[in-house]
Structures are given as structure tokens and as C-alpha cells.
>>> print(open('final15.cif').read())   # mmCIF, N, CA and C atoms
data_start
loop_
_atom_site.label_atom_id
_atom_site.label_comp_id
_atom_site.auth_asym_id
_atom_site.auth_seq_id
_atom_site.Cartn_x
_atom_site.Cartn_y
_atom_site.Cartn_z
N MET A 1 76.78 103.87 124.21
CA MET A 1 77.45 104.71 125.18
C MET A 1 76.55 104.92 126.38
N ASN A 2 77.09 105.01 127.55
CA ASN A 2 76.36 105.19 128.79
C ASN A 2 76.04 106.67 128.97
N THR A 3 74.76 107.02 128.97
CA THR A 3 74.38 108.44 129.08
C THR A 3 74.48 108.96 130.50
N THR A 4 74.64 108.08 131.50
CA THR A 4 74.78 108.55 132.87
C THR A 4 76.24 108.76 133.25
N ASP A 5 77.14 108.52 132.34
CA ASP A 5 78.58 108.67 132.58
C ASP A 5 78.92 110.15 132.73
N PRO A 6 79.52 110.57 133.85
CA PRO A 6 79.81 111.99 134.06
C PRO A 6 81.01 112.51 133.27
N THR A 7 81.84 111.61 132.73
CA THR A 7 83.01 112.05 131.97
C THR A 7 82.60 112.29 130.52
N PRO A 8 82.76 113.49 129.99
CA PRO A 8 82.33 113.77 128.63
C PRO A 8 83.17 113.01 127.61
N THR A 9 82.51 112.57 126.52
CA THR A 9 83.25 111.91 125.45
C THR A 9 83.51 112.87 124.31
N GLU A 10 82.84 113.96 124.28
CA GLU A 10 83.08 115.01 123.30
C GLU A 10 83.30 116.31 124.06
N PRO A 11 84.12 117.20 123.53
CA PRO A 11 84.39 118.44 124.24
C PRO A 11 83.13 119.29 124.41
N ALA A 12 82.61 119.36 125.62
CA ALA A 12 81.41 120.14 125.89
C ALA A 12 81.80 121.60 126.04
N GLY A 13 81.50 122.39 125.02
CA GLY A 13 81.80 123.81 125.07
C GLY A 13 83.24 124.15 124.78
N GLU A 14 84.10 123.15 124.64
CA GLU A 14 85.51 123.40 124.33
C GLU A 14 85.72 123.30 122.83
N GLU A 15 86.43 124.25 122.30
CA GLU A 15 86.73 124.24 120.87
C GLU A 15 87.87 123.27 120.60
N ILE A 16 87.70 122.46 119.56
CA ILE A 16 88.76 121.53 119.17
C ILE A 16 89.95 122.35 118.69
N VAL A 17 91.12 122.08 119.25
CA VAL A 17 92.31 122.86 118.90
C VAL A 17 93.00 122.33 117.65
N ALA A 18 92.74 121.07 117.29
CA ALA A 18 93.36 120.52 116.08
C ALA A 18 92.51 119.40 115.52
N HIS A 19 92.50 119.31 114.18
CA HIS A 19 91.81 118.23 113.49
C HIS A 19 92.69 117.79 112.33
N LEU A 20 93.19 116.58 112.40
CA LEU A 20 93.99 116.01 111.33
C LEU A 20 93.02 115.22 110.45
N TYR A 21 92.73 115.76 109.27
CA TYR A 21 91.69 115.19 108.41
C TYR A 21 92.15 113.96 107.66
N LYS A 22 91.16 113.17 107.19
CA LYS A 22 91.42 112.00 106.35
C LYS A 22 92.25 112.43 105.15
N GLY A 23 93.25 111.63 104.81
CA GLY A 23 94.15 111.97 103.71
C GLY A 23 95.42 112.64 104.18
N SER A 24 95.43 113.13 105.42
CA SER A 24 96.63 113.74 106.00
C SER A 24 97.53 112.64 106.56
N ARG A 25 98.84 112.87 106.49
CA ARG A 25 99.81 111.92 107.03
C ARG A 25 100.87 112.69 107.80
N VAL A 26 101.09 112.28 109.07
CA VAL A 26 102.07 112.95 109.92
C VAL A 26 102.96 111.88 110.55
N SER A 27 104.25 112.19 110.62
CA SER A 27 105.20 111.31 111.28
C SER A 27 106.00 112.14 112.28
N GLY A 28 106.13 111.64 113.52
CA GLY A 28 106.87 112.37 114.54
C GLY A 28 106.07 112.48 115.82
N GLN A 29 106.32 113.55 116.56
CA GLN A 29 105.65 113.77 117.84
C GLN A 29 104.62 114.88 117.69
N LEU A 30 103.37 114.58 118.06
CA LEU A 30 102.28 115.56 118.04
C LEU A 30 101.88 115.87 119.48
N THR A 31 101.75 117.16 119.80
CA THR A 31 101.29 117.59 121.11
C THR A 31 100.13 118.56 120.92
N PHE A 32 99.00 118.27 121.59
CA PHE A 32 97.81 119.12 121.50
C PHE A 32 97.50 119.65 122.89
N HIS A 33 97.23 120.95 123.00
CA HIS A 33 96.87 121.58 124.27
C HIS A 33 95.38 121.89 124.25
N GLY A 34 94.58 120.84 124.31
CA GLY A 34 93.13 120.94 124.24
C GLY A 34 92.59 119.79 123.41
N PRO A 35 91.27 119.73 123.22
CA PRO A 35 90.65 118.64 122.49
C PRO A 35 91.15 118.56 121.04
N ALA A 36 91.35 117.33 120.56
CA ALA A 36 91.85 117.13 119.20
C ALA A 36 91.22 115.89 118.60
N THR A 37 91.14 115.88 117.26
CA THR A 37 90.60 114.75 116.52
C THR A 37 91.58 114.35 115.43
N ILE A 38 91.79 113.04 115.30
CA ILE A 38 92.65 112.52 114.24
C ILE A 38 91.81 111.62 113.34
N ASP A 39 91.75 111.95 112.05
CA ASP A 39 91.08 111.13 111.06
C ASP A 39 92.05 110.67 109.98
N GLY A 40 93.30 111.09 110.06
CA GLY A 40 94.32 110.75 109.07
C GLY A 40 95.23 109.65 109.57
N THR A 41 96.46 109.65 109.05
CA THR A 41 97.47 108.65 109.39
C THR A 41 98.57 109.29 110.22
N VAL A 42 98.91 108.68 111.35
CA VAL A 42 99.94 109.21 112.24
C VAL A 42 100.89 108.08 112.63
N GLU A 43 102.18 108.39 112.61
CA GLU A 43 103.20 107.46 113.11
C GLU A 43 104.09 108.23 114.07
N GLY A 44 104.35 107.66 115.25
CA GLY A 44 105.23 108.32 116.20
C GLY A 44 104.67 108.35 117.60
N GLU A 45 104.37 109.56 118.08
CA GLU A 45 103.87 109.74 119.44
C GLU A 45 102.84 110.87 119.45
N VAL A 46 101.74 110.66 120.20
CA VAL A 46 100.67 111.66 120.30
C VAL A 46 100.41 111.93 121.78
N LEU A 47 100.49 113.21 122.17
CA LEU A 47 100.20 113.65 123.53
C LEU A 47 99.11 114.71 123.46
N CYS A 48 98.01 114.49 124.19
CA CYS A 48 96.89 115.43 124.16
C CYS A 48 96.52 115.84 125.58
N HIS A 49 96.56 117.14 125.85
CA HIS A 49 96.13 117.69 127.14
C HIS A 49 94.65 118.04 127.02
N GLY A 50 93.83 117.02 126.93
CA GLY A 50 92.40 117.17 126.72
C GLY A 50 91.84 115.86 126.20
N ILE A 51 90.72 115.94 125.49
CA ILE A 51 90.08 114.76 124.92
C ILE A 51 90.65 114.53 123.53
N LEU A 52 91.18 113.33 123.30
CA LEU A 52 91.71 112.95 121.99
C LEU A 52 90.76 111.93 121.38
N THR A 53 90.27 112.23 120.17
CA THR A 53 89.39 111.32 119.45
C THR A 53 90.11 110.81 118.21
N ILE A 54 90.21 109.49 118.10
CA ILE A 54 90.77 108.83 116.92
C ILE A 54 89.57 108.37 116.11
N GLY A 55 89.32 109.02 114.96
CA GLY A 55 88.14 108.75 114.15
C GLY A 55 88.18 107.42 113.42
N GLU A 56 87.02 107.02 112.87
CA GLU A 56 86.87 105.74 112.18
C GLU A 56 87.83 105.56 111.02
N GLU A 57 88.17 106.62 110.32
CA GLU A 57 89.05 106.53 109.15
C GLU A 57 90.53 106.60 109.51
N ALA A 58 90.84 106.83 110.77
CA ALA A 58 92.23 107.03 111.20
C ALA A 58 93.02 105.72 111.24
N GLU A 59 94.31 105.86 110.94
CA GLU A 59 95.27 104.77 111.11
C GLU A 59 96.45 105.34 111.88
N VAL A 60 96.60 104.89 113.12
CA VAL A 60 97.61 105.46 114.01
C VAL A 60 98.55 104.36 114.48
N ARG A 61 99.84 104.57 114.25
CA ARG A 61 100.88 103.70 114.77
C ARG A 61 101.74 104.56 115.68
N ALA A 62 101.33 104.62 116.95
CA ALA A 62 101.97 105.58 117.85
C ALA A 62 101.71 105.22 119.31
N LYS A 63 102.55 105.78 120.15
CA LYS A 63 102.30 105.79 121.59
C LYS A 63 101.37 106.97 121.83
N ILE A 64 100.23 106.73 122.49
CA ILE A 64 99.20 107.76 122.67
C ILE A 64 98.99 108.02 124.15
N SER A 65 98.89 109.30 124.53
CA SER A 65 98.52 109.64 125.90
C SER A 65 97.63 110.88 125.89
N GLY A 66 96.69 110.92 126.85
CA GLY A 66 95.78 112.05 126.94
C GLY A 66 94.97 111.98 128.22
N GLU A 67 94.12 112.98 128.41
CA GLU A 67 93.20 112.98 129.55
C GLU A 67 92.15 111.89 129.35
N VAL A 68 91.44 111.98 128.22
CA VAL A 68 90.46 110.99 127.78
C VAL A 68 90.83 110.64 126.35
N VAL A 69 90.90 109.34 126.04
CA VAL A 69 91.22 108.90 124.68
C VAL A 69 90.05 108.07 124.17
N ILE A 70 89.47 108.51 123.05
CA ILE A 70 88.35 107.83 122.42
C ILE A 70 88.85 107.27 121.09
N ILE A 71 88.73 105.96 120.91
CA ILE A 71 89.24 105.33 119.70
C ILE A 71 88.09 104.71 118.92
N ARG A 72 87.97 105.11 117.65
CA ARG A 72 86.99 104.53 116.74
C ARG A 72 87.67 103.91 115.53
N GLY A 73 88.95 104.26 115.31
CA GLY A 73 89.70 103.79 114.15
C GLY A 73 90.70 102.70 114.51
N ARG A 74 91.77 102.60 113.69
CA ARG A 74 92.79 101.58 113.89
C ARG A 74 94.00 102.18 114.61
N VAL A 75 94.42 101.52 115.68
CA VAL A 75 95.58 101.99 116.45
C VAL A 75 96.49 100.80 116.72
N GLU A 76 97.78 101.00 116.44
CA GLU A 76 98.82 100.06 116.85
C GLU A 76 99.76 100.84 117.76
N GLY A 77 99.77 100.48 119.04
CA GLY A 77 100.61 101.18 120.00
C GLY A 77 99.94 101.25 121.35
N ASP A 78 100.70 101.62 122.35
CA ASP A 78 100.19 101.70 123.71
C ASP A 78 99.42 103.00 123.92
N VAL A 79 98.36 102.90 124.74
CA VAL A 79 97.47 104.02 125.01
C VAL A 79 97.41 104.25 126.53
N ALA A 80 97.64 105.49 126.96
CA ALA A 80 97.55 105.84 128.38
C ALA A 80 96.62 107.04 128.52
N ALA A 81 95.70 106.97 129.48
CA ALA A 81 94.78 108.08 129.73
C ALA A 81 94.69 108.34 131.23
N LYS A 82 94.65 109.62 131.59
CA LYS A 82 94.54 109.99 133.01
C LYS A 82 93.14 109.70 133.56
N LYS A 83 92.11 109.83 132.70
CA LYS A 83 90.73 109.65 133.17
C LYS A 83 90.07 108.41 132.60
N LYS A 84 90.11 108.24 131.25
CA LYS A 84 89.34 107.15 130.65
C LYS A 84 89.79 106.87 129.22
N VAL A 85 89.70 105.59 128.83
CA VAL A 85 89.86 105.17 127.44
C VAL A 85 88.54 104.56 127.01
N GLU A 86 88.04 104.99 125.84
CA GLU A 86 86.83 104.42 125.26
C GLU A 86 87.18 103.80 123.93
N LEU A 87 86.78 102.54 123.73
CA LEU A 87 86.94 101.87 122.45
C LEU A 87 85.54 101.71 121.88
N GLU A 88 85.25 102.46 120.82
CA GLU A 88 83.92 102.46 120.21
C GLU A 88 83.97 101.73 118.87
N ASN A 89 82.94 100.97 118.57
CA ASN A 89 82.85 100.24 117.31
C ASN A 89 82.97 101.21 116.14
N PRO A 90 83.83 100.98 115.19
CA PRO A 90 84.56 99.76 114.81
C PRO A 90 86.04 99.78 115.19
N ALA A 91 86.40 100.24 116.36
CA ALA A 91 87.81 100.38 116.77
C ALA A 91 88.58 99.07 116.68
N ARG A 92 89.86 99.20 116.34
CA ARG A 92 90.81 98.09 116.32
C ARG A 92 92.06 98.58 117.04
N LEU A 93 92.36 98.02 118.21
CA LEU A 93 93.53 98.43 118.98
C LEU A 93 94.43 97.23 119.23
N VAL A 94 95.67 97.33 118.76
CA VAL A 94 96.70 96.34 119.07
C VAL A 94 97.74 97.07 119.90
N GLY A 95 97.70 96.85 121.20
CA GLY A 95 98.58 97.55 122.12
C GLY A 95 98.02 97.49 123.52
N ASN A 96 98.76 98.01 124.46
CA ASN A 96 98.37 97.97 125.86
C ASN A 96 97.68 99.27 126.27
N ILE A 97 96.81 99.15 127.27
CA ILE A 97 96.06 100.30 127.79
C ILE A 97 96.42 100.49 129.26
N GLN A 98 96.65 101.75 129.63
CA GLN A 98 96.80 102.11 131.05
C GLN A 98 95.85 103.27 131.31
N SER A 99 94.85 103.02 132.16
CA SER A 99 93.83 104.02 132.45
C SER A 99 93.02 103.58 133.67
N PRO A 100 92.53 104.52 134.47
CA PRO A 100 91.69 104.13 135.61
C PRO A 100 90.31 103.63 135.18
N ARG A 101 89.87 103.99 133.96
CA ARG A 101 88.55 103.57 133.45
C ARG A 101 88.69 103.12 132.01
N LEU A 102 87.95 102.07 131.66
CA LEU A 102 87.95 101.54 130.30
C LEU A 102 86.53 101.20 129.90
N VAL A 103 86.11 101.69 128.73
CA VAL A 103 84.80 101.38 128.18
C VAL A 103 85.03 100.73 126.82
N VAL A 104 84.50 99.51 126.65
CA VAL A 104 84.68 98.78 125.39
C VAL A 104 83.31 98.43 124.83
N ALA A 105 83.03 98.92 123.61
CA ALA A 105 81.76 98.64 122.96
C ALA A 105 81.79 97.28 122.27
N GLU A 106 80.62 96.72 122.05
CA GLU A 106 80.51 95.46 121.32
C GLU A 106 81.03 95.65 119.90
N GLY A 107 81.75 94.66 119.40
CA GLY A 107 82.27 94.71 118.04
C GLY A 107 83.68 95.25 117.92
N VAL A 108 84.25 95.70 119.03
CA VAL A 108 85.61 96.25 119.04
C VAL A 108 86.62 95.11 119.09
N LEU A 109 87.77 95.29 118.41
CA LEU A 109 88.87 94.34 118.52
C LEU A 109 89.95 94.97 119.38
N PHE A 110 90.31 94.31 120.48
CA PHE A 110 91.37 94.79 121.37
C PHE A 110 92.30 93.63 121.64
N ASP A 111 93.56 93.77 121.22
CA ASP A 111 94.57 92.74 121.44
C ASP A 111 95.70 93.37 122.24
N GLY A 112 95.72 93.13 123.54
CA GLY A 112 96.73 93.71 124.41
C GLY A 112 96.36 93.52 125.86
N ASP A 113 97.09 94.17 126.73
CA ASP A 113 96.83 94.11 128.16
C ASP A 113 96.29 95.45 128.64
N CYS A 114 95.57 95.40 129.76
CA CYS A 114 95.01 96.63 130.34
C CYS A 114 95.41 96.71 131.81
N SER A 115 95.96 97.85 132.20
CA SER A 115 96.31 98.12 133.59
C SER A 115 95.45 99.27 134.08
N MET A 116 94.77 99.05 135.20
CA MET A 116 93.89 100.08 135.76
C MET A 116 94.41 100.48 137.14
N ARG A 117 95.71 100.73 137.24
CA ARG A 117 96.35 101.07 138.52
C ARG A 117 95.73 102.28 139.19
N GLY A 118 95.40 103.30 138.44
CA GLY A 118 94.81 104.51 139.02
C GLY A 118 93.51 104.21 139.73
N ALA A 119 92.68 103.34 139.16
CA ALA A 119 91.41 102.98 139.78
C ALA A 119 91.65 102.21 141.07
N ARG A 120 92.60 101.30 141.06
CA ARG A 120 92.92 100.50 142.24
C ARG A 120 93.43 101.40 143.36
N GLU A 121 94.32 102.34 143.04
CA GLU A 121 94.88 103.24 144.05
C GLU A 121 93.80 104.12 144.67
N LYS A 122 92.85 104.60 143.86
CA LYS A 122 91.77 105.43 144.39
C LYS A 122 90.91 104.63 145.35
N GLY A 123 90.65 103.35 145.02
CA GLY A 123 89.85 102.49 145.88
C GLY A 123 90.55 102.21 147.20
N GLU A 124 91.87 102.12 147.20
CA GLU A 124 92.63 101.85 148.41
C GLU A 124 92.69 103.06 149.34
N GLU A 125 92.53 104.28 148.78
CA GLU A 125 92.61 105.50 149.58
C GLU A 125 91.39 105.68 150.48
N LYS A 126 90.26 105.06 150.13
CA LYS A 126 89.01 105.27 150.87
C LYS A 126 89.02 104.63 152.21
#
>>> encode(input="final15.cif", output="C-alpha cells")
Amino acid sequence: MNTTDPTPTEPAGEEIVAHLYKGSRVSGQLTFHGPATIDGTVEGEVLCHGILTIGEEAEVRAKISGEVVIIRGRVEGDVAAKKKVELENPARLVGNIQSPRLVVAEGVLFDGDCSMRGAREKGEEK
């Protein structure tokens, strides 16, 4: 991970509002108003108004959106982030990414397309 990166990857001083632990299974639409962590199994849709962390043990089959999305587990579905998507080893993502910033660690599997429209638009405004 880049230590000079100004965007936090963990909630600095913010309390995690939800943690779905390993062994938990949820189907449907999940909405979090603040930082959240998923280590269980989710199917459906996940919306996070904050930093969403998908842990190493997680298995997610869902459309995901958040401010910052950090993936360490297995995800099947499209991912959209307002600020940044991070794929950290041993992440496995099968789906498309839409985000102005993307960080991919060595050893990650990513099968999909990436659109960085927000980054392009910001560059054109200057």
C-alpha cells in the first residue's frame, strides 16, 4: 500500500457502523451510513456511505457502491466508488469497476472492465 496516499483505507477515527462476520449470510439490499466491513456472504446489493471493506473471508455476489471500496475477498458483481477502489491481495473480482482512482496490488485477480470517468472529467476541468 502507498503510505503517501491521502485517501484513508481504514476509517481514521470513525467507528465502524456495521461488521458482517464470517459465517453470516445476507441476501437483499444492505445500506450502511458510515464505515462497514463484510467478512461473511452477501448476495444482492451493497451501498455504503463511507469506507466499505470486503475482508479476505468474504464472498460477495452483489452490485457494490461506496465512497471508498477496499476488496480483499471474493466479489462477483460491479463495483462503483466515488473516490477510490482498492484491490488488495488475495482479492478476486469478476465484474466491472467505475471509480476515479484504482489501486491494484500484485497477486490480485481482476476480470472485468474499468471506467475512470471521474478522473478524466477532473483533468478536463483544469
>>> resolve_selection(input="final15.cif", expression="the PyMOL selection byres ((chain A and resi 60-64) around 6.5)", output="ChimeraX atom specification")
/A:40-47,58-59,65-66,73-81
>>> resolve_selection(input="final15.cif", expression="the PyMOL selection byres (((chain A and resi 22 and name CA) around 10) and name CA)", output="number ranges by chain")
A: 19-21, 23-25, 38-41, 55-59
>>> select_by_dssp(input="final15.cif", residues="chain A", states="strand (DSSP E)", output="PyMOL selection string")
chain A and resi 18-20+25-32+36-38+41-54+59-71+74-76+79-87+92-94+97-98+102-104+109-111+114-115
>>> resolve_selection(input="final15.cif", expression="the PyMOL selection byres (((chain A and resi 88-99 and name CA) around 8) and name CA)", output="JSON, numbers by chain")
{"A": [56, 70, 71, 72, 73, 74, 75, 76, 77, 78, 79, 80, 81, 82, 83, 84, 85, 86, 87, 100, 101, 102, 104, 105, 106, 107, 108, 109, 110, 111, 112, 113, 114, 115, 116, 117, 118, 119]}
>>> closest_residue(input="final15.cif", among="A:Cys48, A:Ile54, A:Gly28, A:Ala36", to="Ile16 (chain A)", atoms="only C-alpha atoms")
A:Ala36
>>> select_by_dssp(input="final15.cif", residues="chain A", states="alpha helix (DSSP H)", output="list in words")
Arg117, Gly118, Ala119, Arg120, Glu121, Lys122, Gly123, Glu124 and Glu125 of chain A
>>> residues_around(input="final15.cif", residues="Glu14 (chain A)", least_positions_apart="5", cutoff="10 Å", atoms="only C-alpha atoms", output="list in words")
Gly34, Pro35, Gly50 and Ile51 of chain A
>>> atom_distance(input="final15.cif", atom1="atom C of Phe32 (chain A)", atom2="CA of Val103 (chain A)")
22.9 Å
>>> atom_distance(input="final15.cif", atom1="atom N of Leu30 (chain A)", atom2="atom C of Thr53 (chain A)")
13.8 Å
>>> decode(input="final15.cif", residues="region 8-126 of chain A", atoms="C-alpha atoms", output="PDB file, in the first residue's frame")
ATOM      1  CA  PRO A   8      -7.543   6.682   4.037  1.00  0.00           C
ATOM      2  CA  THR A   9      -8.012   2.946   3.547  1.00  0.00           C
ATOM      3  CA  GLU A  10      -9.248   2.398   7.084  1.00  0.00           C
ATOM      4  CA  PRO A  11     -11.648   4.645   8.972  1.00  0.00           C
ATOM      5  CA  ALA A  12      -9.368   7.102  10.771  1.00  0.00           C
ATOM      6  CA  GLY A  13     -11.186   7.956  13.975  1.00  0.00           C
ATOM      7  CA  GLU A  14     -14.528   6.819  12.549  1.00  0.00           C
ATOM      8  CA  GLU A  15     -16.323   3.996  14.278  1.00  0.00           C
ATOM      9  CA  ILE A  16     -17.351   1.116  12.033  1.00  0.00           C
ATOM     10  CA  VAL A  17     -21.146   1.177  11.876  1.00  0.00           C
ATOM     11  CA  ALA A  18     -21.523  -2.455  10.796  1.00  0.00           C
ATOM     12  CA  HIS A  19     -19.496  -5.656  10.645  1.00  0.00           C
ATOM     13  CA  LEU A  20     -20.894  -8.743   8.950  1.00  0.00           C
ATOM     14  CA  TYR A  21     -18.773 -11.527  10.423  1.00  0.00           C
ATOM     15  CA  LYS A  22     -17.528 -14.753   8.818  1.00  0.00           C
ATOM     16  CA  GLY A  23     -20.305 -17.348   8.906  1.00  0.00           C
ATOM     17  CA  SER A  24     -23.022 -14.719   8.401  1.00  0.00           C
ATOM     18  CA  ARG A  25     -25.163 -14.857   5.261  1.00  0.00           C
ATOM     19  CA  VAL A  26     -27.331 -11.996   3.981  1.00  0.00           C
ATOM     20  CA  SER A  27     -29.465 -11.749   0.864  1.00  0.00           C
ATOM     21  CA  GLY A  28     -31.067  -8.497  -0.328  1.00  0.00           C
ATOM     22  CA  GLN A  29     -30.129  -4.834  -0.154  1.00  0.00           C
ATOM     23  CA  LEU A  30     -27.681  -3.599   2.502  1.00  0.00           C
ATOM     24  CA  THR A  31     -27.211   0.121   3.201  1.00  0.00           C
ATOM     25  CA  PHE A  32     -24.541   1.420   5.602  1.00  0.00           C
ATOM     26  CA  HIS A  33     -24.313   5.053   6.767  1.00  0.00           C
ATOM     27  CA  GLY A  34     -20.637   5.045   7.680  1.00  0.00           C
ATOM     28  CA  PRO A  35     -17.665   2.661   7.511  1.00  0.00           C
ATOM     29  CA  ALA A  36     -18.542  -1.035   7.251  1.00  0.00           C
ATOM     30  CA  THR A  37     -16.768  -4.385   6.949  1.00  0.00           C
ATOM     31  CA  ILE A  38     -18.053  -7.571   5.343  1.00  0.00           C
ATOM     32  CA  ASP A  39     -16.410 -10.897   6.187  1.00  0.00           C
ATOM     33  CA  GLY A  40     -19.451 -13.104   5.512  1.00  0.00           C
ATOM     34  CA  THR A  41     -21.532 -13.987   2.458  1.00  0.00           C
ATOM     35  CA  VAL A  42     -23.727 -11.394   0.734  1.00  0.00           C
ATOM     36  CA  GLU A  43     -25.987 -11.643  -2.309  1.00  0.00           C
ATOM     37  CA  GLY A  44     -27.867  -8.660  -3.731  1.00  0.00           C
ATOM     38  CA  GLU A  45     -26.809  -5.029  -3.457  1.00  0.00           C
ATOM     39  CA  VAL A  46     -24.498  -3.163  -1.055  1.00  0.00           C
ATOM     40  CA  LEU A  47     -24.483   0.640  -0.654  1.00  0.00           C
ATOM     41  CA  CYS A  48     -22.042   2.248   1.788  1.00  0.00           C
ATOM     42  CA  HIS A  49     -21.884   5.971   2.622  1.00  0.00           C
ATOM     43  CA  GLY A  50     -18.295   5.668   3.805  1.00  0.00           C
ATOM     44  CA  ILE A  51     -15.439   3.183   3.504  1.00  0.00           C
ATOM     45  CA  LEU A  52     -16.552  -0.365   2.683  1.00  0.00           C
ATOM     46  CA  THR A  53     -14.070  -3.173   3.337  1.00  0.00           C
ATOM     47  CA  ILE A  54     -14.659  -6.635   1.887  1.00  0.00           C
ATOM     48  CA  GLY A  55     -12.487  -8.945   4.023  1.00  0.00           C
ATOM     49  CA  GLU A  56     -10.392 -11.927   2.913  1.00  0.00           C
ATOM     50  CA  GLU A  57     -13.004 -14.465   4.039  1.00  0.00           C
ATOM     51  CA  ALA A  58     -15.919 -12.666   2.347  1.00  0.00           C
ATOM     52  CA  GLU A  59     -17.874 -13.985  -0.617  1.00  0.00           C
ATOM     53  CA  VAL A  60     -19.997 -11.269  -2.206  1.00  0.00           C
ATOM     54  CA  ARG A  61     -22.267 -11.632  -5.222  1.00  0.00           C
ATOM     55  CA  ALA A  62     -23.662  -8.128  -5.442  1.00  0.00           C
ATOM     56  CA  LYS A  63     -23.661  -4.719  -7.023  1.00  0.00           C
ATOM     57  CA  ILE A  64     -21.441  -2.644  -4.703  1.00  0.00           C
ATOM     58  CA  SER A  65     -21.182   1.130  -4.315  1.00  0.00           C
ATOM     59  CA  GLY A  66     -19.456   3.334  -1.758  1.00  0.00           C
ATOM     60  CA  GLU A  67     -17.167   6.291  -1.153  1.00  0.00           C
ATOM     61  CA  VAL A  68     -14.077   4.047  -0.960  1.00  0.00           C
ATOM     62  CA  VAL A  69     -14.309   0.297  -1.607  1.00  0.00           C
ATOM     63  CA  ILE A  70     -11.490  -1.970  -0.403  1.00  0.00           C
ATOM     64  CA  ILE A  71     -11.652  -5.574  -1.596  1.00  0.00           C
ATOM     65  CA  ARG A  72      -9.582  -8.391  -0.104  1.00  0.00           C
ATOM     66  CA  GLY A  73     -12.067 -11.255  -0.619  1.00  0.00           C
ATOM     67  CA  ARG A  74     -14.111 -12.699  -3.489  1.00  0.00           C
ATOM     68  CA  VAL A  75     -16.566 -10.455  -5.327  1.00  0.00           C
ATOM     69  CA  GLU A  76     -18.795 -11.198  -8.309  1.00  0.00           C
ATOM     70  CA  GLY A  77     -20.542  -8.034  -9.447  1.00  0.00           C
ATOM     71  CA  ASP A  78     -19.971  -4.450 -10.476  1.00  0.00           C
ATOM     72  CA  VAL A  79     -18.202  -2.049  -8.111  1.00  0.00           C
ATOM     73  CA  ALA A  80     -18.611   1.755  -8.121  1.00  0.00           C
ATOM     74  CA  ALA A  81     -16.764   4.167  -5.826  1.00  0.00           C
ATOM     75  CA  LYS A  82     -16.921   7.957  -5.608  1.00  0.00           C
ATOM     76  CA  LYS A  83     -13.273   8.259  -4.507  1.00  0.00           C
ATOM     77  CA  LYS A  84     -11.309   5.016  -4.911  1.00  0.00           C
ATOM     78  CA  VAL A  85     -11.373   1.235  -5.338  1.00  0.00           C
ATOM     79  CA  GLU A  86      -8.520  -0.802  -3.840  1.00  0.00           C
ATOM     80  CA  LEU A  87      -7.948  -4.447  -4.744  1.00  0.00           C
ATOM     81  CA  GLU A  88      -5.624  -5.950  -2.135  1.00  0.00           C
ATOM     82  CA  ASN A  89      -4.102  -9.432  -2.280  1.00  0.00           C
ATOM     83  CA  PRO A  90      -5.752 -12.014  -2.231  1.00  0.00           C
ATOM     84  CA  ALA A  91      -8.775 -10.254  -3.815  1.00  0.00           C
ATOM     85  CA  ARG A  92     -10.730 -11.899  -6.637  1.00  0.00           C
ATOM     86  CA  LEU A  93     -13.087  -9.597  -8.552  1.00  0.00           C
ATOM     87  CA  VAL A  94     -15.208 -10.687 -11.503  1.00  0.00           C
ATOM     88  CA  GLY A  95     -17.093  -7.570 -12.556  1.00  0.00           C
ATOM     89  CA  ASN A  96     -16.669  -4.021 -13.759  1.00  0.00           C
ATOM     90  CA  ILE A  97     -15.222  -1.092 -11.825  1.00  0.00           C
ATOM     91  CA  GLN A  98     -16.248   2.560 -12.042  1.00  0.00           C
ATOM     92  CA  SER A  99     -14.087   4.895  -9.961  1.00  0.00           C
ATOM     93  CA  PRO A 100     -11.834   7.934 -10.433  1.00  0.00           C
ATOM     94  CA  ARG A 101      -8.952   6.014  -8.760  1.00  0.00           C
ATOM     95  CA  LEU A 102      -7.960   2.349  -8.810  1.00  0.00           C
ATOM     96  CA  VAL A 103      -5.210   0.635  -6.817  1.00  0.00           C
ATOM     97  CA  VAL A 104      -4.410  -2.992  -7.684  1.00  0.00           C
ATOM     98  CA  ALA A 105      -1.916  -4.996  -5.620  1.00  0.00           C
ATOM     99  CA  GLU A 106       0.262  -7.758  -7.028  1.00  0.00           C
ATOM    100  CA  GLY A 107      -1.415 -11.168  -6.882  1.00  0.00           C
ATOM    101  CA  VAL A 108      -4.965  -9.863  -7.338  1.00  0.00           C
ATOM    102  CA  LEU A 109      -7.302 -11.428  -9.913  1.00  0.00           C
ATOM    103  CA  PHE A 110      -9.482  -8.886 -11.735  1.00  0.00           C
ATOM    104  CA  ASP A 111     -11.661  -9.976 -14.654  1.00  0.00           C
ATOM    105  CA  GLY A 112     -13.708  -7.063 -15.983  1.00  0.00           C
ATOM    106  CA  ASP A 113     -13.569  -3.537 -17.327  1.00  0.00           C
ATOM    107  CA  CYS A 114     -12.615  -0.338 -15.528  1.00  0.00           C
ATOM    108  CA  SER A 115     -14.038   3.118 -16.216  1.00  0.00           C
ATOM    109  CA  MET A 116     -12.323   6.118 -14.646  1.00  0.00           C
ATOM    110  CA  ARG A 117     -14.673   8.822 -15.972  1.00  0.00           C
ATOM    111  CA  GLY A 118     -14.499  10.906 -12.795  1.00  0.00           C
ATOM    112  CA  ALA A 119     -10.713  11.191 -13.079  1.00  0.00           C
ATOM    113  CA  ARG A 120     -10.922  12.180 -16.745  1.00  0.00           C
ATOM    114  CA  GLU A 121     -13.571  14.838 -16.045  1.00  0.00           C
ATOM    115  CA  LYS A 122     -11.494  16.359 -13.226  1.00  0.00           C
ATOM    116  CA  GLY A 123      -8.473  16.556 -15.542  1.00  0.00           C
ATOM    117  CA  GLU A 124     -10.531  18.315 -18.224  1.00  0.00           C
ATOM    118  CA  GLU A 125     -11.761  20.968 -15.741  1.00  0.00           C
ATOM    119  CA  LYS A 126      -8.229  22.302 -15.117  1.00  0.00           C
TER     120      LYS A 126
END
